[in-house]
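Structure file coords22.txt with compact mmCIF, C-alpha atoms and all ligand atoms:
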# COMPACT_ATOMS: atom_id res chain seq x y z
CA MET A 1 0.00 0.00 0.00
CA GLN A 2 1.41 3.38 -0.97
CA VAL A 3 -1.42 5.91 -0.62
CA TYR A 4 -3.15 6.71 2.65
CA PHE A 5 -5.98 9.15 3.26
CA VAL A 6 -5.44 10.12 6.87
CA GLY A 7 -7.73 11.98 9.25
CA ALA A 8 -5.61 14.62 10.98
CA GLY A 9 -8.13 15.15 13.76
CA PRO A 10 -9.65 18.49 14.74
CA GLY A 11 -6.46 20.45 15.38
CA ASN A 12 -4.68 19.35 18.54
CA PRO A 13 -1.73 17.30 17.20
CA GLU A 14 -2.29 14.66 19.90
CA LEU A 15 -5.72 13.90 18.47
CA ILE A 16 -4.44 12.13 15.35
CA THR A 17 -4.56 8.31 15.58
CA VAL A 18 -1.42 6.33 16.38
CA LYS A 19 -1.61 4.86 12.89
CA GLY A 20 -2.00 8.28 11.27
CA GLN A 21 1.00 9.56 13.19
CA ARG A 22 3.14 6.60 12.14
CA LEU A 23 2.20 7.08 8.48
CA LEU A 24 3.02 10.80 8.65
CA LYS A 25 6.48 9.88 9.93
CA GLU A 26 6.97 7.35 7.14
CA ALA A 27 5.57 9.38 4.24
CA ASP A 28 7.75 10.50 1.33
CA VAL A 29 5.00 12.81 0.08
CA ILE A 30 2.43 14.62 2.25
CA ILE A 31 -0.46 16.52 0.70
CA TYR A 32 -2.34 18.37 3.42
CA ALA A 33 -5.52 20.43 3.44
CA GLY A 34 -3.85 23.73 4.21
CA SER A 35 -6.68 25.78 5.57
CA LEU A 36 -7.52 23.56 8.54
CA VAL A 37 -4.80 21.01 9.26
CA ASN A 38 -2.57 22.08 12.15
CA PRO A 39 0.92 22.71 10.68
CA ALA A 40 2.40 21.29 13.89
CA LEU A 41 1.54 17.84 12.52
CA LEU A 42 3.89 18.41 9.59
CA GLU A 43 6.80 18.58 12.02
CA LEU A 44 6.49 14.79 12.25
CA ALA A 45 7.50 14.45 8.61
CA LYS A 46 10.96 13.18 7.81
CA PRO A 47 13.32 15.89 6.51
CA SER A 48 13.33 14.46 2.99
CA ALA A 49 9.51 14.43 2.70
CA ALA A 50 7.95 16.60 0.00
CA ILE A 51 5.07 18.57 1.48
CA TYR A 52 2.26 20.08 -0.59
CA ASN A 53 -0.59 22.33 0.48
CA SER A 54 -3.67 21.21 -1.43
CA ALA A 55 -5.37 24.60 -0.92
CA SER A 56 -3.54 25.89 -3.98
CA MET A 57 -3.91 22.71 -6.08
CA THR A 58 -6.63 21.39 -8.37
CA LEU A 59 -8.01 17.86 -8.06
CA GLU A 60 -5.97 16.82 -11.10
CA GLU A 61 -2.78 18.26 -9.60
CA VAL A 62 -3.39 16.35 -6.38
CA ALA A 63 -4.03 13.13 -8.30
CA ASP A 64 -1.00 13.63 -10.53
CA THR A 65 1.23 14.26 -7.52
CA MET A 66 -0.02 11.03 -5.98
CA LYS A 67 0.46 9.04 -9.19
CA GLN A 68 4.01 10.27 -9.74
CA ALA A 69 4.94 9.43 -6.17
CA VAL A 70 3.47 5.94 -6.49
CA GLN A 71 5.40 5.37 -9.72
CA ALA A 72 8.57 6.42 -7.92
CA GLY A 73 7.85 3.82 -5.23
CA GLN A 74 7.06 6.41 -2.58
CA ILE A 75 4.56 6.48 0.30
CA VAL A 76 1.90 9.21 0.07
CA VAL A 77 -0.18 10.60 2.92
CA ARG A 78 -3.17 12.71 1.99
CA LEU A 79 -3.92 14.53 5.22
CA HIS A 80 -7.48 15.75 5.76
CA THR A 81 -8.84 17.67 8.71
CA GLY A 82 -11.02 15.82 11.21
CA ASP A 83 -12.27 12.63 9.61
CA PRO A 84 -11.83 12.44 5.84
CA SER A 85 -15.35 11.12 5.26
CA ILE A 86 -17.07 14.31 6.45
CA TYR A 87 -16.94 17.13 3.87
CA GLY A 88 -13.50 15.86 2.89
CA ALA A 89 -14.03 15.65 -0.89
CA ILE A 90 -12.13 12.37 -0.87
CA GLN A 91 -14.53 10.37 -3.04
CA GLU A 92 -13.38 12.10 -6.22
CA GLN A 93 -9.75 11.54 -5.28
CA MET A 94 -10.38 7.86 -4.60
CA ASP A 95 -12.23 7.50 -7.90
CA LEU A 96 -9.24 8.91 -9.81
CA LEU A 97 -6.94 6.49 -7.99
CA ASP A 98 -9.32 3.61 -8.83
CA GLN A 99 -9.16 4.62 -12.49
CA ALA A 100 -5.37 4.62 -12.30
CA GLU A 101 -5.53 1.22 -10.55
CA ILE A 102 -3.73 2.58 -7.52
CA THR A 103 -4.81 1.01 -4.23
CA TYR A 104 -5.17 3.09 -1.08
CA GLU A 105 -6.34 2.93 2.50
CA VAL A 106 -8.38 5.37 4.59
CA VAL A 107 -7.32 6.01 8.19
CA PRO A 108 -10.15 7.63 10.16
CA GLY A 109 -9.76 10.68 12.37
CA VAL A 110 -11.49 12.49 15.21
CA SER A 111 -14.06 14.69 13.52
CA SER A 112 -14.49 18.26 14.72
CA PHE A 113 -18.07 17.62 15.78
CA LEU A 114 -16.70 15.17 18.34
CA ALA A 115 -13.95 17.54 19.48
CA THR A 116 -16.73 20.10 19.86
CA ALA A 117 -18.67 17.77 22.18
CA ALA A 118 -15.49 17.30 24.19
CA ALA A 119 -14.94 21.06 24.40
CA LEU A 120 -18.51 21.54 25.57
CA LYS A 121 -18.26 18.54 27.93
CA GLN A 122 -21.55 17.50 26.39
CA GLU A 123 -23.21 14.19 25.51
CA TYR A 124 -25.17 14.57 22.27
CA THR A 125 -27.54 11.66 22.94
CA LEU A 126 -29.52 12.07 26.15
CA PRO A 127 -32.48 9.81 27.01
CA ASP A 128 -35.86 11.52 26.45
CA ILE A 129 -34.19 14.54 24.86
CA SER A 130 -32.50 13.33 21.69
CA GLN A 131 -31.17 9.98 20.51
CA THR A 132 -30.17 11.22 17.08
CA VAL A 133 -27.39 13.48 15.84
CA ILE A 134 -27.77 15.18 12.50
CA ILE A 135 -24.57 16.28 10.77
CA THR A 136 -25.31 18.86 8.14
CA ARG A 137 -24.53 22.26 6.68
CA LEU A 138 -26.36 25.21 5.26
CA GLU A 139 -26.39 25.43 1.51
CA GLY A 140 -23.56 27.57 0.23
CA ARG A 141 -21.79 27.18 -3.08
CA THR A 142 -22.16 23.44 -2.55
CA PRO A 143 -25.82 22.57 -3.16
CA VAL A 144 -27.77 20.62 -0.52
CA PRO A 145 -30.50 18.19 -1.68
CA GLU A 146 -34.01 19.61 -1.37
CA LYS A 147 -35.12 17.06 1.24
CA GLU A 148 -32.16 17.99 3.46
CA LYS A 149 -32.88 21.68 3.77
CA LEU A 150 -32.09 22.84 7.28
CA ALA A 151 -35.71 23.73 8.05
CA LEU A 152 -36.84 20.20 7.16
CA LEU A 153 -34.13 18.58 9.27
CA ALA A 154 -34.99 20.95 12.10
CA SER A 155 -38.52 19.54 12.22
CA HIS A 156 -37.10 16.50 14.06
CA ALA A 157 -35.74 18.75 16.85
CA THR A 158 -32.77 16.40 17.37
CA THR A 159 -29.25 17.37 18.27
CA MET A 160 -27.71 18.97 15.19
CA CYS A 161 -24.07 19.67 14.38
CA ILE A 162 -23.88 22.22 11.62
CA PHE A 163 -20.60 22.46 9.73
CA LEU A 164 -19.34 25.12 7.31
CA SER A 165 -22.08 27.62 8.14
CA VAL A 166 -21.05 29.93 10.95
CA HIS A 167 -20.53 32.84 8.54
CA MET A 168 -24.24 32.50 7.68
CA LEU A 169 -25.44 32.16 11.26
CA ASP A 170 -28.43 34.49 10.75
CA ASP A 171 -29.70 32.22 7.97
CA VAL A 172 -29.05 29.11 10.06
CA VAL A 173 -31.11 30.53 12.93
CA ALA A 174 -33.95 31.55 10.60
CA GLU A 175 -34.12 28.08 9.05
CA LEU A 176 -34.01 26.31 12.40
CA ILE A 177 -36.86 28.42 13.74
CA ALA A 178 -38.83 28.02 10.51
CA GLY A 179 -38.39 24.26 10.94
CA GLY A 180 -39.84 24.20 14.42
CA TYR A 181 -37.12 24.80 17.01
CA THR A 182 -38.37 27.31 19.56
CA SER A 183 -36.39 30.52 19.90
CA ASP A 184 -35.29 29.54 23.43
CA THR A 185 -33.55 26.36 22.14
CA PRO A 186 -29.96 26.37 23.37
CA VAL A 187 -27.14 26.76 20.85
CA ALA A 188 -23.38 26.55 21.21
CA VAL A 189 -20.77 27.72 18.74
CA VAL A 190 -17.28 26.31 19.23
CA GLN A 191 -14.44 27.91 17.34
CA LYS A 192 -11.29 25.85 16.76
CA ALA A 193 -12.22 23.01 19.09
CA SER A 194 -9.08 21.40 20.59
CA TRP A 195 -6.77 24.22 19.37
CA PRO A 196 -4.99 26.44 21.93
CA ASP A 197 -7.21 29.36 20.87
CA GLN A 198 -10.45 27.38 21.18
CA ARG A 199 -13.44 29.58 22.07
CA ILE A 200 -16.94 28.65 23.18
CA PHE A 201 -20.04 30.81 22.72
CA ARG A 202 -23.35 29.81 24.24
CA GLY A 203 -26.80 31.27 23.78
CA THR A 204 -30.24 30.48 22.43
CA LEU A 205 -31.55 30.66 18.89
CA GLU A 206 -32.71 34.13 19.79
CA THR A 207 -29.38 35.41 21.13
CA ILE A 208 -26.59 33.41 19.50
CA ALA A 209 -26.17 35.48 16.33
CA ARG A 210 -25.55 38.64 18.35
CA ILE A 211 -23.23 36.86 20.81
CA VAL A 212 -21.17 35.38 18.00
CA ALA A 213 -21.06 38.65 16.04
CA GLU A 214 -19.80 40.47 19.12
CA GLY A 215 -17.21 37.76 19.69
CA GLY A 216 -15.84 38.02 16.15
CA VAL A 217 -15.82 34.32 15.27
CA ASP A 218 -13.82 33.07 12.30
CA ARG A 219 -14.93 30.31 9.96
CA THR A 220 -13.47 27.33 11.76
CA ALA A 221 -16.44 26.87 14.01
CA MET A 222 -19.15 24.31 14.71
CA ILE A 223 -22.74 25.16 15.50
CA VAL A 224 -24.48 22.76 17.88
CA VAL A 225 -28.17 23.13 18.51
CA GLY A 226 -30.58 21.09 20.57
CA LYS A 227 -32.19 20.60 23.93
CA VAL A 228 -29.33 18.36 25.08
CA LEU A 229 -27.47 21.58 25.83
CA ASP A 230 -29.96 22.17 28.66
CA CYS A 231 -29.24 20.11 31.74
CA SER A 232 -32.60 18.43 32.40
CA TYR A 233 -32.82 14.84 31.19
CA SER A 234 -33.59 11.31 32.44
CA LEU A 235 -30.73 9.18 33.72
CA SER A 236 -29.27 6.68 31.26
CA ARG A 237 -30.93 3.27 31.36
CA LEU A 238 -27.52 1.66 30.94
CA TYR A 239 -26.52 2.26 34.57
CA ALA A 240 -30.01 2.05 36.11
CA PRO A 241 -30.24 -0.68 38.83
CA GLU A 242 -33.40 -2.27 37.37
CA PHE A 243 -32.02 -2.36 33.85
CA GLY A 244 -30.11 -5.59 33.25
CA HIS A 245 -27.92 -6.18 30.23
CA MET A 246 -25.30 -8.53 28.91
CA PHE A 247 -22.75 -7.65 31.57
CA ARG A 248 -24.94 -6.96 34.61
CA ASP A 249 -28.17 -8.51 35.96
CA ALA A 250 -31.14 -6.30 36.90
CA LYS A 251 -31.70 -5.80 40.64
N1 LIG B 301 -13.55 16.62 7.83
C1 LIG B 301 -13.71 17.67 8.81
C2 LIG B 301 -14.67 18.75 8.39
C3 LIG B 301 -14.21 19.57 7.20
S1 LIG B 301 -15.34 20.82 6.76
C4 LIG B 301 -14.13 17.04 10.15
O1 LIG B 301 -14.40 15.84 10.22
O2 LIG B 301 -14.18 17.78 11.13
C5 LIG B 301 -14.72 22.20 7.64
C6 LIG B 301 -15.67 22.60 8.75
O3 LIG B 301 -15.47 21.75 9.85
C7 LIG B 301 -15.48 24.01 9.28
O4 LIG B 301 -16.21 24.96 8.54
C8 LIG B 301 -16.05 23.90 10.68
O5 LIG B 301 -17.47 23.95 10.66
C9 LIG B 301 -15.66 22.48 11.05
N2 LIG B 301 -14.41 22.41 11.82
C10 LIG B 301 -13.23 21.89 11.42
N3 LIG B 301 -12.34 21.93 12.43
C11 LIG B 301 -12.99 22.48 13.48
C12 LIG B 301 -12.61 22.74 14.84
N4 LIG B 301 -11.38 22.45 15.31
N5 LIG B 301 -13.54 23.29 15.66
C13 LIG B 301 -14.78 23.57 15.22
N6 LIG B 301 -15.19 23.33 13.96
C14 LIG B 301 -14.31 22.79 13.10

Could you rewrite the structure in this file as structure tokens?
Ligand code: SAH
Amino acid sequence: MQVYFVGAGPGNPELITVKGQRLLKEADVIIYAGSLVNPALLELAKPSAAIYNSASMTLEEVADTMKQAVQAGQIVVRLHTGDPSIYGAIQEQMDLLDQAEITYEVVPGVSSFLATAAALKQEYTLPDISQTVIITRLEGRTPVPEKEKLALLASHATTMCIFLSVHMLDDVVAELIAGGYTSDTPVAVVQKASWPDQRIFRGTLETIARIVAEGGVDRTAMIVVGKVLDCSYSLSRLYAPEFGHMFRDAK
């Protein structure tokens, strides 16, 4: 195997997997997603490694760089922020490699929506409140299928993690309310979860846009909405005395 798509994790260099870290150390060629991958991870590269920032490359240039490296017998790491499967645009890269009959492996990473939960010290799935997490985004230049419009998804009133949309927070709020969330629904915005300059903003659908505007948030931020962010919920059945399961009998 010569090509690896590796999840870099959300920012903190310790949040890459052990396998991802090993591959970064071994790679002859590293192509990283420049806007979001923490450059500190690149310090793991061996001195001879060629390092490319994909922010200034086209898909074809990325694919050609990979192909040339493979032909030269080199190991390639394609480093994506968070987990590569979430808004990573890896499918098109994998398809080009398939066409070129180059095999590859995907190494998962800690997605930013999980680092956001950690920053908030928040469980997304609370009994009676929400047992579903929706990962989505507001439509921008990338179209979103009609049935996945934010207002429609909001009608379920589940926990939602909204990527790539903080710069359109007013529109996000309007859609969520149009979809049925009440204006007192709690919202958190986490900027650069797990980075040293991580910031957390909390409010409700009514207040969050003003709070975030006053805070001057940049684009690397996650919006979390849902009642789980309130503290009232039923205790988990998993640890309830009368609830037996495979590893513990009911009392
Ligand atoms: N594959 C990545 C997401 C890439 S899309 C992942 O799994 O996390 C880029 C979006 O991810 C950003 O607009 C932002 O919404 C979110 N994001 C990435 N890193 C983040 C971080 N450290 N904290 C909060 N949000 C982050």

### Summary
What separates CA of Ile75 (chain A) and CA of Ala27 (chain A) is a distance of 5.0 Å

Determine, for each residue of chain A having at least one atom at most 7 Å from an atom of ligand LIG 301 (chain B), the closest pair of atoms and their separation in Å to one decimal, counting only C-alpha atoms and all ligand atoms; order by chain and ascending number, as JSON lines.
{"residue": "A:Pro10", "atom": "CA", "partner": "B:LIG301", "partner_atom": "N4", "distance": 4.4}
{"residue": "A:Gly11", "atom": "CA", "partner": "B:LIG301", "partner_atom": "N4", "distance": 5.3}
{"residue": "A:Leu36", "atom": "CA", "partner": "B:LIG301", "partner_atom": "N3", "distance": 6.4}
{"residue": "A:His80", "atom": "CA", "partner": "B:LIG301", "partner_atom": "N1", "distance": 6.5}
{"residue": "A:Thr81", "atom": "CA", "partner": "B:LIG301", "partner_atom": "C1", "distance": 4.9}
{"residue": "A:Gly82", "atom": "CA", "partner": "B:LIG301", "partner_atom": "C4", "distance": 3.5}
{"residue": "A:Asp83", "atom": "CA", "partner": "B:LIG301", "partner_atom": "O1", "distance": 3.9}
{"residue": "A:Pro84", "atom": "CA", "partner": "B:LIG301", "partner_atom": "N1", "distance": 4.9}
{"residue": "A:Ser85", "atom": "CA", "partner": "B:LIG301", "partner_atom": "N1", "distance": 6.3}
{"residue": "A:Ile86", "atom": "CA", "partner": "B:LIG301", "partner_atom": "N1", "distance": 4.4}
{"residue": "A:Tyr87", "atom": "CA", "partner": "B:LIG301", "partner_atom": "C3", "distance": 4.9}
{"residue": "A:Gly88", "atom": "CA", "partner": "B:LIG301", "partner_atom": "N1", "distance": 5.0}
{"residue": "A:Val110", "atom": "CA", "partner": "B:LIG301", "partner_atom": "O1", "distance": 6.7}
{"residue": "A:Ser111", "atom": "CA", "partner": "B:LIG301", "partner_atom": "O1", "distance": 3.5}
{"residue": "A:Ser112", "atom": "CA", "partner": "B:LIG301", "partner_atom": "O2", "distance": 3.6}
{"residue": "A:Phe113", "atom": "CA", "partner": "B:LIG301", "partner_atom": "O2", "distance": 6.1}
{"residue": "A:Ala115", "atom": "CA", "partner": "B:LIG301", "partner_atom": "N5", "distance": 6.9}
{"residue": "A:Thr116", "atom": "CA", "partner": "B:LIG301", "partner_atom": "C13", "distance": 6.1}
{"residue": "A:Ile162", "atom": "CA", "partner": "B:LIG301", "partner_atom": "O5", "distance": 6.7}
{"residue": "A:Phe163", "atom": "CA", "partner": "B:LIG301", "partner_atom": "O5", "distance": 3.6}
{"residue": "A:Leu164", "atom": "CA", "partner": "B:LIG301", "partner_atom": "O4", "distance": 3.4}
{"residue": "A:Ser165", "atom": "CA", "partner": "B:LIG301", "partner_atom": "O5", "distance": 6.4}
{"residue": "A:Val166", "atom": "CA", "partner": "B:LIG301", "partner_atom": "O5", "distance": 7.0}
{"residue": "A:Val190", "atom": "CA", "partner": "B:LIG301", "partner_atom": "C13", "distance": 5.5}
{"residue": "A:Gln191", "atom": "CA", "partner": "B:LIG301", "partner_atom": "C13", "distance": 4.8}
{"residue": "A:Lys192", "atom": "CA", "partner": "B:LIG301", "partner_atom": "N5", "distance": 3.6}
{"residue": "A:Ala193", "atom": "CA", "partner": "B:LIG301", "partner_atom": "N5", "distance": 3.7}
{"residue": "A:Ser194", "atom": "CA", "partner": "B:LIG301", "partner_atom": "N4", "distance": 5.9}
{"residue": "A:Trp195", "atom": "CA", "partner": "B:LIG301", "partner_atom": "N4", "distance": 6.4}
{"residue": "A:Arg219", "atom": "CA", "partner": "B:LIG301", "partner_atom": "O4", "distance": 5.7}
{"residue": "A:Thr220", "atom": "CA", "partner": "B:LIG301", "partner_atom": "C8", "distance": 4.4}
{"residue": "A:Ala221", "atom": "CA", "partner": "B:LIG301", "partner_atom": "N6", "distance": 3.8}
{"residue": "A:Met222", "atom": "CA", "partner": "B:LIG301", "partner_atom": "N6", "distance": 4.1}

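Proximity to Lys46 (chain A) was assessed for A:Thr159, A:Gln68, A:Thr142, A:Gln21 counting all atoms listed in the file; the smallest distance is recorded for A:Gln21.
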
### Query
Pick the closest to Val133 (chain A) from A:Lys227, A:His167, A:Lys121, A:Arg210: which is it, counting all atoms listed in the file?
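Smallest distance to Val133 (chain A) is found for A:Lys227.
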
### Task
Could you tell me how far CA of Leu44 (chain A) lies from CA of Val77 (chain A), in Å and to one decimal?
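Taking CA of Leu44 (chain A) and CA of Val77 (chain A), their separation equals 12.2 Å.
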
### Pick from A:Gly73, A:Gly226, A:Pro108, A:Gly34, whichever lies nearest to Thr204 (chain A) using all atoms listed in the file
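Among the listed residues, the smallest separation from Thr204 (chain A) belongs to A:Gly226.
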
### Using all atoms listed in the file: which of A:Val3, A:Ala250, A:Leu42, A:Ala33 has the shortest distance to Met66 (chain A)
A:Val3

### Nearest residue to Met160 (chain A) from the set A:Leu96, A:Ile177, A:Val225, A:Ala213 (distances using only C-alpha atoms)
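Checking each of A:Leu96, A:Ile177, A:Val225, A:Ala213 against Met160 (chain A), counting only C-alpha atoms, the winner is A:Val225.
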
Within 12 Å of (-1.4, 23.0, -3.3), all atoms listed in the file: residues as a PDB file with C-alpha atoms, in the coordinates of the input?
ATOM      1  CA  ILE A  30       2.430  14.620   2.250  1.00  0.00           C
ATOM      2  CA  ILE A  31      -0.460  16.520   0.700  1.00  0.00           C
ATOM      3  CA  TYR A  32      -2.340  18.370   3.420  1.00  0.00           C
ATOM      4  CA  ALA A  33      -5.520  20.430   3.440  1.00  0.00           C
ATOM      5  CA  GLY A  34      -3.850  23.730   4.210  1.00  0.00           C
ATOM      6  CA  SER A  35      -6.680  25.780   5.570  1.00  0.00           C
ATOM      7  CA  ALA A  50       7.950  16.600   0.000  1.00  0.00           C
ATOM      8  CA  ILE A  51       5.070  18.570   1.480  1.00  0.00           C
ATOM      9  CA  TYR A  52       2.260  20.080  -0.590  1.00  0.00           C
ATOM     10  CA  ASN A  53      -0.590  22.330   0.480  1.00  0.00           C
ATOM     11  CA  SER A  54      -3.670  21.210  -1.430  1.00  0.00           C
ATOM     12  CA  ALA A  55      -5.370  24.600  -0.920  1.00  0.00           C
ATOM     13  CA  SER A  56      -3.540  25.890  -3.980  1.00  0.00           C
ATOM     14  CA  MET A  57      -3.910  22.710  -6.080  1.00  0.00           C
ATOM     15  CA  THR A  58      -6.630  21.390  -8.370  1.00  0.00           C
ATOM     16  CA  LEU A  59      -8.010  17.860  -8.060  1.00  0.00           C
ATOM     17  CA  GLU A  60      -5.970  16.820 -11.100  1.00  0.00           C
ATOM     18  CA  GLU A  61      -2.780  18.260  -9.600  1.00  0.00           C
ATOM     19  CA  VAL A  62      -3.390  16.350  -6.380  1.00  0.00           C
ATOM     20  CA  ALA A  63      -4.030  13.130  -8.300  1.00  0.00           C
ATOM     21  CA  ASP A  64      -1.000  13.630 -10.530  1.00  0.00           C
ATOM     22  CA  THR A  65       1.230  14.260  -7.520  1.00  0.00           C
ATOM     23  CA  ARG A  78      -3.170  12.710   1.990  1.00  0.00           C
TER      24      ARG A  78
END

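The residue that comes closest to Leu138 (chain A), out of A:Ile102, A:Ala69, A:Ile223, A:Leu79 and on the basis of only C-alpha atoms, is A:Ile223.
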
#### Entry: Shell of 7 Å around Ala49 (chain A), all atoms listed in the file, local chain residues under 4 positions omitted, as number ranges by chain
A: 27-29, 45

### Query
What is the distance, in Å and to one decimal place, between CA of Asp128 (chain A) and CA of Ala151 (chain A)?
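Interatomic distance here is 22.1 Å.
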